[in-house]
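Working notes, structure below.
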Amino acid sequence: MNNLEEKIAKDLLSIEAIFLRPDDPFTWASGIKSPIYCDNRLTLTAPIVRNDIEEGLASLIEENFQGAEVLMGTSTAGIAHAAITADILGLPMGYVRGSSKDHGRKNQIEGRLIEGQKVVVVEDLISTGGSVIDVVNVLREAGAIVLGIVSIFTYNMEKSKKALEEANVKNISLSNFDIMVDVAVQNGYIKESDKERLIKFRNNPSDESWIK
């Protein structure tokens, strides 16, 4: 693991933006039982963590997506992070709604986007990858050149990796499930014996055999 990935994992665990409960699983909207709950909105109310994240996202964009002309946040969790990161980089920003408005100009893309502009999408969490790919497609249909995605955290699921590859879009995350599990063990959030169970969940969320 690199220093930034480890730092962000520690940050998220420390404010319970990531909460691990392998012996008392959460239930996702899909009905899947999960040992992890992620709520990156909590980072906005933790200034030190928030600063680490926005500086980190800015660094990822500078290192991986040179030539970016505008940042576009995902609605709603990516909007604040896109705004703060854009301020650090001195770039314009906007965001993409989940669907077009039913009034006014019926925009789905908020903020000025010029055809041919090079865009980086800012997302808080990558799970299956479906919602952020929808955002990428909206931007492409509007004529944007989508350089890629930066995100705070990814579950590293094979489903999302395959979906992003098929959509021909690169995601770079500040931290990920595997790093977070290692950091959680090292810092006493979970037991060493829980690590294999969490990885088993990551590999196949529909298989509940990881649950004791």
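All residue names refer to the structure tokens as shown: chains lettered A, B, ... in order, residues numbered from 1 in each chain, ligands numbered from 1 in order.
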Name the residues of chain A that come out as alpha helix (DSSP H) in a backbone DSSP run; write them as a ChimeraX atom specification. /A:3-14,47-64,77-89,130-141,158-166,177-186,192-203
DSSP on the backbone: which residues in range 51-198 of chain A end up as strand (DSSP E)? Give the answer as number ranges by chain. A: 70-74, 93-96, 109-110, 118-126, 145-154, 171-176
Could you produce a table of the residues of range 11-121 of chain A lying within 10 Å of range 198-203 of chain A, with the nearest pair of atoms per residue and their separation in Å rounded to one decimal, using only C-alpha atoms, ordered by chain and increasing residue number, as CSV?
residue,atom,partner,partner_atom,distance
A:Leu20,CA,A:Leu198,CA,9.3
A:Arg21,CA,A:Leu198,CA,9.9
A:Pro22,CA,A:Leu198,CA,7.4
A:Lys33,CA,A:Phe201,CA,9.1
A:Ser34,CA,A:Phe201,CA,7.4
A:Pro35,CA,A:Leu198,CA,6.9
A:Ile36,CA,A:Leu198,CA,8.4
Nearest to Val138 in chain A among A:Arg112, A:Lys161, A:Arg97, A:Lys170, with distances taken over only C-alpha atoms: which residue is it? A:Arg97
List the neighbours of range 42-53 of chain A out to 6 Å using only C-alpha atoms; skip same-chain residues closer than 2 positions along the sequence, and give me the result as number ranges by chain. A: 11, 17, 40, 55-56
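Considering only C-alpha atoms, the residue among A:Phe65, A:Phe177, A:Phe153, A:Phe19 positioned nearest to Val120 in chain A is A:Phe65.
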